[in-house]
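Asks: query27.cif is the file, holding mmCIF, C-alpha atoms and all ligand atoms:
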```
data_entry
#
loop_
_atom_site.label_atom_id
_atom_site.label_comp_id
_atom_site.auth_asym_id
_atom_site.auth_seq_id
_atom_site.Cartn_x
_atom_site.Cartn_y
_atom_site.Cartn_z
CA MET H 25 -24.15 -23.01 -3.55
CA LYS H 26 -27.41 -22.17 -5.31
CA CYS H 27 -28.13 -18.95 -7.19
CA ARG H 28 -30.00 -16.55 -4.89
CA ARG H 29 -32.50 -15.59 -7.60
CA CYS H 30 -33.27 -18.70 -9.66
CA LYS H 31 -31.83 -21.53 -7.47
CA ALA H 32 -29.74 -22.93 -10.34
CA GLN H 33 -26.10 -23.78 -9.64
CA ALA H 34 -24.32 -20.56 -8.59
CA GLN H 35 -21.27 -19.61 -10.67
CA VAL H 36 -20.27 -16.34 -8.98
CA ALA H 37 -19.78 -16.31 -5.21
CA LEU H 38 -20.17 -12.94 -3.44
CA PRO H 39 -19.05 -13.45 0.18
CA SER H 40 -19.59 -9.78 1.09
CA HIS H 41 -23.29 -10.29 0.36
CA HIS H 42 -23.27 -13.87 1.79
CA THR H 43 -24.64 -15.08 -1.52
CA GLY H 44 -23.95 -16.22 -5.08
CA PHE H 45 -25.52 -16.07 -8.53
CA CYS H 46 -25.63 -17.99 -11.79
CA ALA H 47 -24.22 -16.01 -14.76
CA PRO H 48 -27.51 -14.53 -16.11
CA CYS H 49 -28.70 -13.58 -12.60
CA PHE H 50 -25.30 -12.02 -11.83
CA GLU H 51 -25.77 -9.72 -14.84
CA THR H 52 -29.17 -8.67 -13.46
CA TYR H 53 -27.61 -8.13 -10.02
CA PHE H 54 -24.81 -6.02 -11.52
CA LEU H 55 -27.19 -3.76 -13.44
CA ARG H 56 -29.40 -3.34 -10.36
CA GLN H 57 -26.41 -2.34 -8.25
CA VAL H 58 -25.36 0.25 -10.84
CA GLU H 59 -28.90 1.60 -10.92
CA ARG H 60 -29.15 1.57 -7.12
CA GLY H 61 -25.89 3.53 -6.75
CA ILE H 62 -27.14 6.10 -9.26
CA HIS H 63 -30.56 6.50 -7.58
CA GLU H 64 -29.42 6.23 -3.97
CA HIS H 65 -26.95 9.07 -4.40
CA ARG H 66 -29.13 11.00 -6.88
CA GLN H 67 -26.32 10.95 -9.42
CA PHE H 68 -28.43 11.55 -12.56
CA THR H 69 -31.66 10.57 -14.29
CA ARG H 70 -32.57 9.23 -17.72
CA GLU H 71 -33.22 12.82 -18.83
CA ASP H 72 -29.65 13.93 -18.07
CA SER H 73 -26.84 13.91 -20.64
CA VAL H 74 -23.95 11.86 -19.25
CA LEU H 75 -20.37 12.23 -20.44
CA LEU H 76 -18.41 9.11 -19.46
CA ALA H 77 -14.61 9.22 -19.31
CA VAL H 78 -13.44 6.08 -21.14
CA SER H 79 -9.79 5.11 -20.93
CA GLY H 80 -10.01 1.90 -22.95
CA GLY H 81 -9.62 -0.25 -19.83
CA LYS H 82 -12.22 -2.84 -18.96
CA ASP H 83 -13.90 -0.92 -16.13
CA SER H 84 -14.88 2.14 -18.14
CA LEU H 85 -15.96 0.02 -21.11
CA GLY H 86 -17.98 -2.21 -18.77
CA LEU H 87 -19.67 0.83 -17.25
CA LEU H 88 -20.40 2.25 -20.71
CA LEU H 89 -22.22 -0.95 -21.64
CA ALA H 90 -24.13 -1.04 -18.32
CA LEU H 91 -25.32 2.59 -18.71
CA LYS H 92 -26.39 1.87 -22.28
CA GLU H 93 -28.29 -1.29 -21.26
CA LEU H 94 -29.99 0.68 -18.49
CA GLY H 95 -31.19 3.27 -21.03
CA PHE H 96 -29.16 6.32 -19.95
CA LYS H 97 -28.10 9.03 -22.43
CA VAL H 98 -24.37 8.41 -22.47
CA THR H 99 -21.59 9.85 -24.63
CA ALA H 100 -18.01 8.58 -24.32
CA LEU H 101 -15.00 10.87 -23.91
CA HIS H 102 -11.51 9.55 -24.54
CA ILE H 103 -8.30 11.48 -23.94
CA ASP H 104 -5.43 10.70 -26.30
CA LEU H 105 -2.25 11.42 -24.35
CA ALA H 106 0.15 10.80 -27.27
CA ILE H 107 2.10 8.15 -25.35
CA PRO H 108 3.92 5.85 -27.80
CA VAL H 109 2.07 2.58 -28.53
CA SER H 110 -0.23 2.65 -25.47
CA SER H 111 -2.25 5.73 -26.52
CA GLU H 112 -2.78 4.31 -30.03
CA SER H 113 -3.82 0.98 -28.55
CA ALA H 114 -6.26 2.62 -26.09
CA ARG H 115 -7.76 4.95 -28.69
CA SER H 116 -8.33 2.26 -31.32
CA THR H 117 -9.91 0.00 -28.68
CA VAL H 118 -12.32 2.74 -27.58
CA GLU H 119 -13.15 3.71 -31.17
CA ALA H 120 -13.91 0.11 -32.15
CA TYR H 121 -15.94 -0.50 -28.99
CA CYS H 122 -18.07 2.63 -29.34
CA ALA H 123 -18.67 1.94 -33.04
CA ALA H 124 -19.74 -1.64 -32.25
CA HIS H 125 -22.17 -0.49 -29.53
CA GLY H 126 -23.54 2.60 -31.27
CA VAL H 127 -22.16 5.04 -28.67
CA GLU H 128 -21.10 8.55 -29.68
CA LEU H 129 -17.42 9.11 -28.95
CA ARG H 130 -15.56 12.40 -28.50
CA VAL H 131 -11.75 12.41 -28.43
CA ILE H 132 -9.43 15.07 -27.03
CA GLU H 133 -5.77 15.06 -28.06
CA THR H 134 -3.70 16.73 -25.34
CA ALA H 135 -0.88 17.29 -27.85
CA ARG H 136 -3.13 19.87 -29.58
CA ASP H 137 -3.09 21.80 -26.31
CA GLY H 138 0.72 21.58 -26.19
CA LEU H 139 0.59 18.82 -23.59
CA ALA H 140 1.79 15.55 -25.15
CA ILE H 141 2.64 13.40 -22.12
CA PRO H 142 6.12 12.33 -23.36
CA ASP H 143 7.09 16.06 -23.63
CA VAL H 144 5.64 16.72 -20.18
CA LYS H 145 7.62 13.81 -18.75
CA ALA H 146 10.84 15.09 -20.32
CA ARG H 147 10.43 18.64 -18.98
CA VAL H 148 8.52 18.46 -15.70
CA LYS H 149 10.42 17.03 -12.75
CA ARG H 150 7.44 15.60 -10.90
CA PRO H 151 5.97 12.08 -10.86
CA ILE H 152 4.45 11.79 -14.32
CA CYS H 153 1.31 9.95 -13.20
CA SER H 154 0.28 12.75 -10.88
CA VAL H 155 0.84 15.35 -13.63
CA CYS H 156 -0.90 13.18 -16.23
CA GLY H 157 -3.86 12.69 -13.83
CA LYS H 158 -4.12 16.45 -13.33
CA ILE H 159 -4.19 17.05 -17.11
CA LYS H 160 -6.84 14.35 -17.65
CA ARG H 161 -9.08 15.67 -14.84
CA HIS H 162 -8.75 19.20 -16.19
CA TRP H 163 -9.87 18.12 -19.66
CA PHE H 164 -12.67 15.84 -18.46
CA ASN H 165 -14.17 18.74 -16.51
CA ARG H 166 -13.46 21.40 -19.11
CA TYR H 167 -14.94 19.40 -21.98
CA ALA H 168 -18.08 18.45 -20.02
CA TYR H 169 -18.55 22.09 -18.97
CA GLU H 170 -17.96 23.62 -22.40
CA GLN H 171 -20.14 21.07 -24.18
CA GLY H 172 -23.00 21.48 -21.69
CA PHE H 173 -23.23 17.92 -20.33
CA ASP H 174 -25.27 17.51 -17.16
CA VAL H 175 -22.78 15.15 -15.49
CA LEU H 176 -19.31 13.74 -15.92
CA ALA H 177 -19.12 10.04 -14.95
CA THR H 178 -16.02 7.98 -14.23
CA GLY H 179 -15.49 4.24 -13.81
CA HIS H 180 -14.23 4.35 -10.19
CA ASN H 181 -15.52 1.33 -8.31
CA LEU H 182 -15.95 0.57 -4.59
CA ASP H 183 -12.36 -0.68 -4.23
CA ASP H 184 -11.00 2.53 -5.78
CA GLU H 185 -13.15 4.62 -3.49
CA VAL H 186 -12.29 2.69 -0.33
CA ALA H 187 -8.54 2.67 -1.12
CA ARG H 188 -8.62 6.41 -1.65
CA LEU H 189 -10.68 6.96 1.50
CA PHE H 190 -8.18 4.87 3.45
CA ALA H 191 -5.23 6.88 2.06
CA ASN H 192 -6.97 10.20 2.79
CA THR H 193 -7.81 9.03 6.32
CA LEU H 194 -4.22 7.95 7.02
CA ARG H 195 -3.16 11.52 6.20
CA TRP H 196 -6.32 13.11 7.73
CA ASP H 197 -6.44 15.11 4.54
CA GLN H 198 -9.51 17.19 5.34
CA ALA H 199 -9.85 18.87 1.94
CA TYR H 200 -9.80 15.55 0.10
CA LEU H 201 -12.09 13.89 2.65
CA ALA H 202 -14.59 16.72 2.20
CA GLY H 203 -14.57 16.18 -1.56
CA GLN H 204 -14.64 12.38 -1.70
CA GLY H 205 -17.80 10.47 -2.55
CA PRO H 206 -20.01 9.17 -5.35
CA VAL H 207 -21.22 12.68 -6.23
CA ASN H 208 -19.50 16.04 -6.38
CA GLU H 209 -21.97 18.81 -7.01
CA ALA H 210 -21.47 21.34 -9.79
CA SER H 211 -19.97 24.61 -8.65
CA GLY H 212 -18.95 27.47 -10.93
CA ARG H 213 -16.98 25.93 -13.77
CA PHE H 214 -16.81 22.57 -12.01
CA VAL H 215 -19.37 20.18 -13.52
CA ARG H 216 -21.25 17.60 -11.48
CA LYS H 217 -19.10 14.46 -11.13
CA VAL H 218 -20.49 10.99 -10.44
CA LYS H 219 -19.29 7.42 -9.89
CA PRO H 220 -21.99 4.94 -10.93
CA LEU H 221 -19.86 1.89 -9.93
CA CYS H 222 -19.63 3.03 -6.30
CA ARG H 223 -21.54 -0.06 -5.05
CA LEU H 224 -19.54 -2.59 -7.08
CA THR H 225 -16.14 -4.08 -6.36
CA GLU H 226 -13.28 -4.56 -8.79
CA TYR H 227 -14.03 -8.29 -8.76
CA GLU H 228 -17.71 -7.81 -9.55
CA THR H 229 -16.86 -5.38 -12.35
CA ALA H 230 -14.30 -7.84 -13.75
CA VAL H 231 -16.92 -10.64 -13.71
CA TRP H 232 -19.41 -8.38 -15.54
CA CYS H 233 -16.77 -7.56 -18.17
CA PHE H 234 -15.86 -11.23 -18.55
CA LEU H 235 -19.51 -12.28 -18.98
CA LYS H 236 -20.04 -9.47 -21.51
CA GLY H 237 -16.95 -10.45 -23.50
CA ILE H 238 -15.04 -7.24 -22.65
CA GLU H 239 -11.58 -8.72 -22.60
CA HIS H 240 -9.44 -6.13 -24.35
CA VAL H 241 -5.79 -6.20 -23.44
CA LEU H 242 -4.27 -2.77 -23.91
CA ALA H 243 -0.60 -2.07 -24.46
CA PRO H 244 0.53 -0.97 -20.97
CA CYS H 245 1.63 2.61 -20.44
CA PRO H 246 5.46 2.62 -20.43
CA TYR H 247 5.42 5.15 -17.57
CA SER H 248 3.31 3.12 -15.14
CA GLY H 249 5.63 2.17 -12.34
CA GLY H 250 3.02 0.25 -10.34
CA ALA H 251 -0.38 1.68 -9.63
CA SER H 252 -0.79 3.80 -6.54
CA PHE H 253 -3.07 2.40 -3.82
CA THR H 254 -2.02 -1.18 -4.69
CA GLY H 255 -0.66 -1.78 -1.18
CA HIS H 256 -3.76 -0.30 0.43
CA LYS H 257 -6.01 -2.42 -1.76
CA ARG H 258 -4.15 -5.55 -0.68
CA LEU H 259 -4.56 -4.61 2.97
CA LEU H 260 -8.25 -3.87 2.51
CA ALA H 261 -8.76 -7.15 0.60
CA ASP H 262 -7.29 -8.95 3.60
CA LEU H 263 -9.67 -7.17 5.97
CA GLU H 264 -12.59 -7.91 3.66
CA GLU H 265 -11.73 -11.60 3.67
CA ARG H 266 -11.79 -11.65 7.48
CA SER H 267 -14.93 -9.49 7.71
CA PRO H 268 -17.00 -9.76 4.51
CA GLY H 269 -18.85 -6.51 3.82
CA MET H 270 -16.26 -4.37 5.65
CA LYS H 271 -15.40 -2.23 2.62
CA MET H 272 -18.98 -1.22 1.97
CA GLN H 273 -19.56 -0.48 5.67
CA PHE H 274 -16.42 1.68 5.89
CA TYR H 275 -17.50 3.65 2.82
CA GLU H 276 -21.16 4.03 3.77
CA HIS H 277 -20.37 5.09 7.34
CA PHE H 278 -17.98 7.68 5.99
CA LEU H 279 -20.62 9.03 3.60
CA ARG H 280 -23.23 9.18 6.39
CA SER H 281 -21.14 10.43 9.31
CA GLY H 282 -17.66 11.52 8.22
CA ARG H 283 -18.13 13.40 5.00
CA PRO H 284 -20.78 15.88 6.26
CA ALA H 285 -18.44 16.97 9.05
CA PHE H 286 -15.51 17.45 6.68
CA LYS H 287 -17.75 19.30 4.22
CA ALA H 288 -18.96 21.66 6.94
CA GLN H 289 -15.34 22.49 7.83
CA ALA H 290 -14.47 22.98 4.15
CA GLN H 291 -17.02 25.79 3.90
CA ASP H 292 -14.58 28.03 5.75
CA ALA H 293 -11.93 27.50 3.06
CA PRO H 294 -11.15 30.56 0.90
CA PRO H 295 -13.02 30.61 -2.44
CA LEU H 296 -11.19 29.46 -5.57
CA ASN H 297 -9.90 31.92 -8.17
CA ALA H 298 -10.44 31.77 -11.93
CA CYS H 299 -7.15 30.78 -13.59
CA THR H 300 -5.73 33.75 -15.51
CA GLY H 301 -4.79 31.34 -18.33
CA CYS H 302 -7.84 29.13 -18.89
CA GLY H 303 -10.49 30.56 -16.55
CA TYR H 304 -11.01 27.28 -14.66
CA PRO H 305 -11.02 27.20 -10.83
CA THR H 306 -7.72 27.13 -8.98
CA SER H 307 -6.45 27.98 -5.52
CA GLN H 308 -3.64 30.04 -7.10
CA ASP H 309 -3.56 32.65 -9.86
CA VAL H 310 -2.63 30.18 -12.59
CA CYS H 311 -3.90 26.57 -12.51
CA GLY H 312 -1.55 23.56 -12.46
CA VAL H 313 -2.24 22.65 -16.09
CA CYS H 314 -1.55 26.16 -17.40
CA ARG H 315 1.66 26.24 -15.34
CA ILE H 316 2.82 22.99 -16.97
CA ARG H 317 1.99 24.38 -20.43
CA GLU H 318 3.91 27.58 -19.67
CA ARG H 319 6.93 25.54 -18.61
CA LEU H 320 6.85 23.54 -21.84
CA GLU H 321 6.54 26.69 -23.92
CA ALA H 322 9.41 28.47 -22.13
FE1 LIG K 401 -0.74 8.71 -17.37
FE2 LIG K 401 0.63 7.35 -15.50
FE3 LIG K 401 -1.62 6.34 -16.50
FE4 LIG K 401 0.59 6.46 -18.00
S1 LIG K 401 0.30 5.23 -16.13
S2 LIG K 401 -1.49 7.03 -18.63
S3 LIG K 401 1.48 8.37 -17.30
S4 LIG K 401 -1.44 8.21 -15.29
ZN ZN K 402 -5.53 27.28 -16.27
#
```
Would you kindly transcribe this structure into structure tokens?

Replies:
Amino acid sequence: MKCRRCKAQAQVALPSHHTGFCAPCFETYFLRQVERGIHEHRQFTREDSVLLAVSGGKDSLGLLLALKELGFKVTALHIDLAIPVSSESARSTVEAYCAAHGVELRVIETARDGLAIPDVKARVKRPICSVCGKIKRHWFNRYAYEQGFDVLATGHNLDDEVARLFANTLRWDQAYLAGQGPVNEASGRFVRKVKPLCRLTEYETAVWCFLKGIEHVLAPCPYSGGASFTGHKRLLADLEERSPGMKMQFYEHFLRSGRPAFKAQAQDAPPLNACTGCGYPTSQDVCGVCRIRERLEA
């Protein structure tokens, strides 16, 4: 196969686009797809200040580099969860990477807020990954809001989005379906949230990271008992192999036809309250994160 752009020998095959690229042209393709996702969904502009959640994994570091190469104003935010070995490994990776690429890095330590994840795991009898995710999302939003960033970006790619859409559809979870997409508008103390990798698959992101030399291997989190959505991703990969381009079609049709209907229904939902502990939006009196903190302090 020849490279679609320069006609040299292709090195990266992309069946969903019925095409392939040589390595330098793939990098151009990748950056254009990031830029297209940002513009198409009006995520942000070069004037906006972007806070990017960076875990230390390849995807978020790959996105950080892409945003920097595209000339966006990006600051990295890392959350140190105080998990033995893995949090130190992730934090030192992010610190070294940001220093090497001249990116400003902010770090939040959840232990300073009384929420070290090992303590949470010992005291809260719920799946730790769902609690940990709730704490991370709370702090991503809260930090972006308090520091006045225009948008909060995350490294979710097309596969993440499609797997989540599939799971939400299987449950017909209307509230989640109404809120899913590459952009969530700001509302009250919720900042604008965006997903610049929404047009790129896990494979394409991995190729970008490989070509850019982003090959960090982090110490795995000792609490990860197998990522959620793995089964759905396998199923969707099988469908994609039979019908190349299916994932993108499923996602785009949802954004065009499904999401507006779910959003219209969601307008009838009761408004959120301000948490009596932290002031951030919640459907109850006290938000989930403040409830966890209260339980640990009891
Ligand atoms: Fe948190 Fe679970 Fe990820 Fe560990 S694997 S960092 S507990 S979400
Ligand atoms: Zn709260």

Asks: Name all residues at most 7 Å from region 111-118 of chain H (count all atoms listed in the file; drop same-chain ones fewer than 6 positions away) and give them as a PyMOL selection string.

Replies: chain H and resi 79-80+104-105+242-243

Asks: Would you name the residues within 8 Å of ligand ZN 402 (chain K), counting all atoms listed in the file, and put them as number ranges by chain?

Replies: H: 298-306, 310-315

Asks: Residues within 12 Å of Arg66 (chain H), please, as an MDAnalysis selection string. Count all atoms listed in the file; anything in the same chain fewer than 2 positions from it doesn't count.

Replies: chainID H and resid 59:64 68:70 72 175 206:209 216:220

Asks: So the first atom is CA of Gln33 (chain H) and the second is CA of Thr225 (chain H); what is the distance between them in Å, to one decimal place?

Replies: 22.3 Å

Asks: Taking all atoms of ligand LIG 401 (chain K) that appear in the file, build a box with edges along x, y and z, extend it by 5 Å on every side, and state its centre and edge lengths in Å to one decimal, as lines of an AutoDock Vina configuration file.

Replies:
```
center_x = -0.1
center_y = 7.0
center_z = -17.0
size_x = 13.1
size_y = 13.5
size_z = 13.3
```

Asks: Wanna dump the chain H-ligand LIG 401 (chain K) contacts at 9 Å for me, each residue with its shortest atom pair and the distance in Å to one decimal, counting all atoms listed in the file, ordered by chain and number, as a tab-separated table?

Replies:
```
residue	atom	partner	partner_atom	distance
H:Ser79	CA	K:LIG401	S2	8.8
H:Leu105	CA	K:LIG401	S2	7.3
H:Ile107	CA	K:LIG401	FE4	7.7
H:Ser110	CA	K:LIG401	S2	8.2
H:Ser111	CA	K:LIG401	S2	8.0
H:Ile141	CA	K:LIG401	S3	7.1
H:Pro142	CA	K:LIG401	S3	8.6
H:Lys145	CA	K:LIG401	S3	8.3
H:Pro151	CA	K:LIG401	FE2	8.5
H:Ile152	CA	K:LIG401	S3	5.4
H:Cys153	CA	K:LIG401	FE2	3.5
H:Ser154	CA	K:LIG401	S4	6.6
H:Val155	CA	K:LIG401	S4	7.7
H:Cys156	CA	K:LIG401	FE1	4.6
H:Gly157	CA	K:LIG401	S4	5.3
H:Lys158	CA	K:LIG401	S4	8.9
H:Lys160	CA	K:LIG401	FE1	8.3
H:Pro244	CA	K:LIG401	S1	7.9
H:Cys245	CA	K:LIG401	FE4	4.7
H:Pro246	CA	K:LIG401	FE4	6.7
H:Tyr247	CA	K:LIG401	FE4	5.0
H:Ser248	CA	K:LIG401	S1	3.8
H:Gly249	CA	K:LIG401	S1	7.2
H:Gly250	CA	K:LIG401	S1	8.1
H:Ala251	CA	K:LIG401	S1	7.4
```

Asks: Fewer than 6 positions away in the same chain doesn't count, so skip those; otherwise give me all residues within 12 Å of Ile132 (chain H), counting all atoms listed in the file, as a tab-separated table (two decimals) with C-alpha atoms, keeping the file's coordinate frame.

Replies:
```
chain	number	residue	atom	x	y	z
H	77	ALA	CA	-14.61	9.22	-19.31
H	78	VAL	CA	-13.44	6.08	-21.14
H	79	SER	CA	-9.79	5.11	-20.93
H	100	ALA	CA	-18.01	8.58	-24.32
H	101	LEU	CA	-15.00	10.87	-23.91
H	102	HIS	CA	-11.51	9.55	-24.54
H	103	ILE	CA	-8.30	11.48	-23.94
H	104	ASP	CA	-5.43	10.70	-26.30
H	105	LEU	CA	-2.25	11.42	-24.35
H	106	ALA	CA	0.15	10.80	-27.27
H	111	SER	CA	-2.25	5.73	-26.52
H	115	ARG	CA	-7.76	4.95	-28.69
H	139	LEU	CA	0.59	18.82	-23.59
H	140	ALA	CA	1.79	15.55	-25.15
H	159	ILE	CA	-4.19	17.05	-17.11
H	160	LYS	CA	-6.84	14.35	-17.65
H	162	HIS	CA	-8.75	19.20	-16.19
H	163	TRP	CA	-9.87	18.12	-19.66
H	164	PHE	CA	-12.67	15.84	-18.46
H	166	ARG	CA	-13.46	21.40	-19.11
H	167	TYR	CA	-14.94	19.40	-21.98
H	168	ALA	CA	-18.08	18.45	-20.02
```

Asks: Measuring atom to atom with only C-alpha atoms, identify which of H:Asp83, H:Gly269, H:Phe278, H:Thr134 is nearest to Asp184 (chain H).

Replies: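 Closest candidate: H:Asp83.
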
Asks: How far is it from CA of Val127 (chain H) to CA of Val98 (chain H), in Å with one decimal?

Replies: 7.4 Å

Asks: Quick one: residues within 8 Å of Leu55 (chain H), all atoms listed in the file, excluding same-chain residues fewer than 3 positions away - as a list in words?

Replies: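 Everything that qualifies: Glu51, Thr52, Val58, Glu59, Ala90 and Leu94 of chain H.
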
Asks: Please produce a file of the residues just selected, as a PDB file, in the frame of the given file, where the atoms kept are C-alpha atoms.

Replies:
```
ATOM      1  CA  GLU H  51     -25.770  -9.720 -14.840  1.00  0.00           C
ATOM      2  CA  THR H  52     -29.170  -8.670 -13.460  1.00  0.00           C
ATOM      3  CA  VAL H  58     -25.360   0.250 -10.840  1.00  0.00           C
ATOM      4  CA  GLU H  59     -28.900   1.600 -10.920  1.00  0.00           C
ATOM      5  CA  ALA H  90     -24.130  -1.040 -18.320  1.00  0.00           C
ATOM      6  CA  LEU H  94     -29.990   0.680 -18.490  1.00  0.00           C
TER       7      LEU H  94
END
```

Asks: Enter the distance from CA of Glu170 (chain H) to CA of Gly203 (chain H), in Å, rounded to one decimal.

Replies: 22.4 Å

Asks: Any chance you could model N, CA and C atoms for region 209-233 of chain H and send them as a PDB file, keeping the file's coordinate frame?

Replies:
```pdb
ATOM      1  N   GLU H 209     -21.016  17.898  -6.388  1.00  0.00           N
ATOM      2  CA  GLU H 209     -21.970  18.810  -7.010  1.00  0.00           C
ATOM      3  C   GLU H 209     -21.258  19.815  -7.926  1.00  0.00           C
ATOM      4  N   ALA H 210     -22.007  20.305  -8.907  1.00  0.00           N
ATOM      5  CA  ALA H 210     -21.470  21.340  -9.790  1.00  0.00           C
ATOM      6  C   ALA H 210     -21.256  22.612  -8.981  1.00  0.00           C
ATOM      7  N   SER H 211     -20.234  23.353  -9.337  1.00  0.00           N
ATOM      8  CA  SER H 211     -19.970  24.610  -8.650  1.00  0.00           C
ATOM      9  C   SER H 211     -19.140  25.470  -9.587  1.00  0.00           C
ATOM     10  N   GLY H 212     -19.653  26.622  -9.977  1.00  0.00           N
ATOM     11  CA  GLY H 212     -18.950  27.470 -10.930  1.00  0.00           C
ATOM     12  C   GLY H 212     -18.636  26.694 -12.201  1.00  0.00           C
ATOM     13  N   ARG H 213     -17.373  26.665 -12.559  1.00  0.00           N
ATOM     14  CA  ARG H 213     -16.980  25.930 -13.770  1.00  0.00           C
ATOM     15  C   ARG H 213     -16.637  24.464 -13.487  1.00  0.00           C
ATOM     16  N   PHE H 214     -16.942  23.998 -12.288  1.00  0.00           N
ATOM     17  CA  PHE H 214     -16.810  22.570 -12.010  1.00  0.00           C
ATOM     18  C   PHE H 214     -18.141  21.896 -12.335  1.00  0.00           C
ATOM     19  N   VAL H 215     -18.126  20.900 -13.213  1.00  0.00           N
ATOM     20  CA  VAL H 215     -19.370  20.180 -13.520  1.00  0.00           C
ATOM     21  C   VAL H 215     -19.652  19.156 -12.421  1.00  0.00           C
ATOM     22  N   ARG H 216     -20.867  18.648 -12.423  1.00  0.00           N
ATOM     23  CA  ARG H 216     -21.250  17.600 -11.480  1.00  0.00           C
ATOM     24  C   ARG H 216     -20.508  16.314 -11.849  1.00  0.00           C
ATOM     25  N   LYS H 217     -19.868  15.676 -10.852  1.00  0.00           N
ATOM     26  CA  LYS H 217     -19.100  14.460 -11.130  1.00  0.00           C
ATOM     27  C   LYS H 217     -19.706  13.286 -10.375  1.00  0.00           C
ATOM     28  N   VAL H 218     -19.797  12.149 -11.052  1.00  0.00           N
ATOM     29  CA  VAL H 218     -20.490  10.990 -10.440  1.00  0.00           C
ATOM     30  C   VAL H 218     -19.707   9.700 -10.685  1.00  0.00           C
ATOM     31  N   LYS H 219     -19.961   8.728  -9.795  1.00  0.00           N
ATOM     32  CA  LYS H 219     -19.290   7.420  -9.890  1.00  0.00           C
ATOM     33  C   LYS H 219     -20.334   6.313  -9.818  1.00  0.00           C
ATOM     34  N   PRO H 220     -20.898   5.924 -10.949  1.00  0.00           N
ATOM     35  CA  PRO H 220     -21.990   4.940 -10.930  1.00  0.00           C
ATOM     36  C   PRO H 220     -21.581   3.543 -10.432  1.00  0.00           C
ATOM     37  N   LEU H 221     -20.280   3.224 -10.406  1.00  0.00           N
ATOM     38  CA  LEU H 221     -19.860   1.890  -9.930  1.00  0.00           C
ATOM     39  C   LEU H 221     -19.548   1.878  -8.435  1.00  0.00           C
ATOM     40  N   CYS H 222     -20.028   2.901  -7.707  1.00  0.00           N
ATOM     41  CA  CYS H 222     -19.630   3.030  -6.300  1.00  0.00           C
ATOM     42  C   CYS H 222     -20.109   1.877  -5.421  1.00  0.00           C
ATOM     43  N   ARG H 223     -21.073   1.083  -5.859  1.00  0.00           N
ATOM     44  CA  ARG H 223     -21.540  -0.060  -5.050  1.00  0.00           C
ATOM     45  C   ARG H 223     -20.931  -1.379  -5.504  1.00  0.00           C
ATOM     46  N   LEU H 224     -20.059  -1.336  -6.518  1.00  0.00           N
ATOM     47  CA  LEU H 224     -19.540  -2.590  -7.080  1.00  0.00           C
ATOM     48  C   LEU H 224     -18.029  -2.690  -6.920  1.00  0.00           C
ATOM     49  N   THR H 225     -17.573  -3.886  -6.568  1.00  0.00           N
ATOM     50  CA  THR H 225     -16.140  -4.080  -6.360  1.00  0.00           C
ATOM     51  C   THR H 225     -15.432  -4.300  -7.703  1.00  0.00           C
ATOM     52  N   GLU H 226     -14.106  -4.278  -7.605  1.00  0.00           N
ATOM     53  CA  GLU H 226     -13.280  -4.560  -8.790  1.00  0.00           C
ATOM     54  C   GLU H 226     -13.587  -5.970  -9.309  1.00  0.00           C
ATOM     55  N   TYR H 227     -13.752  -6.905  -8.378  1.00  0.00           N
ATOM     56  CA  TYR H 227     -14.030  -8.290  -8.760  1.00  0.00           C
ATOM     57  C   TYR H 227     -15.372  -8.394  -9.491  1.00  0.00           C
ATOM     58  N   GLU H 228     -16.387  -7.745  -8.923  1.00  0.00           N
ATOM     59  CA  GLU H 228     -17.710  -7.810  -9.550  1.00  0.00           C
ATOM     60  C   GLU H 228     -17.691  -7.159 -10.931  1.00  0.00           C
ATOM     61  N   THR H 229     -16.962  -6.060 -11.057  1.00  0.00           N
ATOM     62  CA  THR H 229     -16.860  -5.380 -12.350  1.00  0.00           C
ATOM     63  C   THR H 229     -16.107  -6.268 -13.349  1.00  0.00           C
ATOM     64  N   ALA H 230     -15.068  -6.941 -12.864  1.00  0.00           N
ATOM     65  CA  ALA H 230     -14.300  -7.840 -13.750  1.00  0.00           C
ATOM     66  C   ALA H 230     -15.177  -9.001 -14.214  1.00  0.00           C
ATOM     67  N   VAL H 231     -16.025  -9.529 -13.311  1.00  0.00           N
ATOM     68  CA  VAL H 231     -16.920 -10.640 -13.710  1.00  0.00           C
ATOM     69  C   VAL H 231     -17.906 -10.156 -14.770  1.00  0.00           C
ATOM     70  N   TRP H 232     -18.480  -8.969 -14.559  1.00  0.00           N
ATOM     71  CA  TRP H 232     -19.410  -8.380 -15.540  1.00  0.00           C
ATOM     72  C   TRP H 232     -18.726  -8.272 -16.918  1.00  0.00           C
ATOM     73  N   CYS H 233     -17.499  -7.741 -16.908  1.00  0.00           N
ATOM     74  CA  CYS H 233     -16.770  -7.560 -18.170  1.00  0.00           C
ATOM     75  C   CYS H 233     -16.494  -8.919 -18.823  1.00  0.00           C
TER      76      CYS H 233
END
```
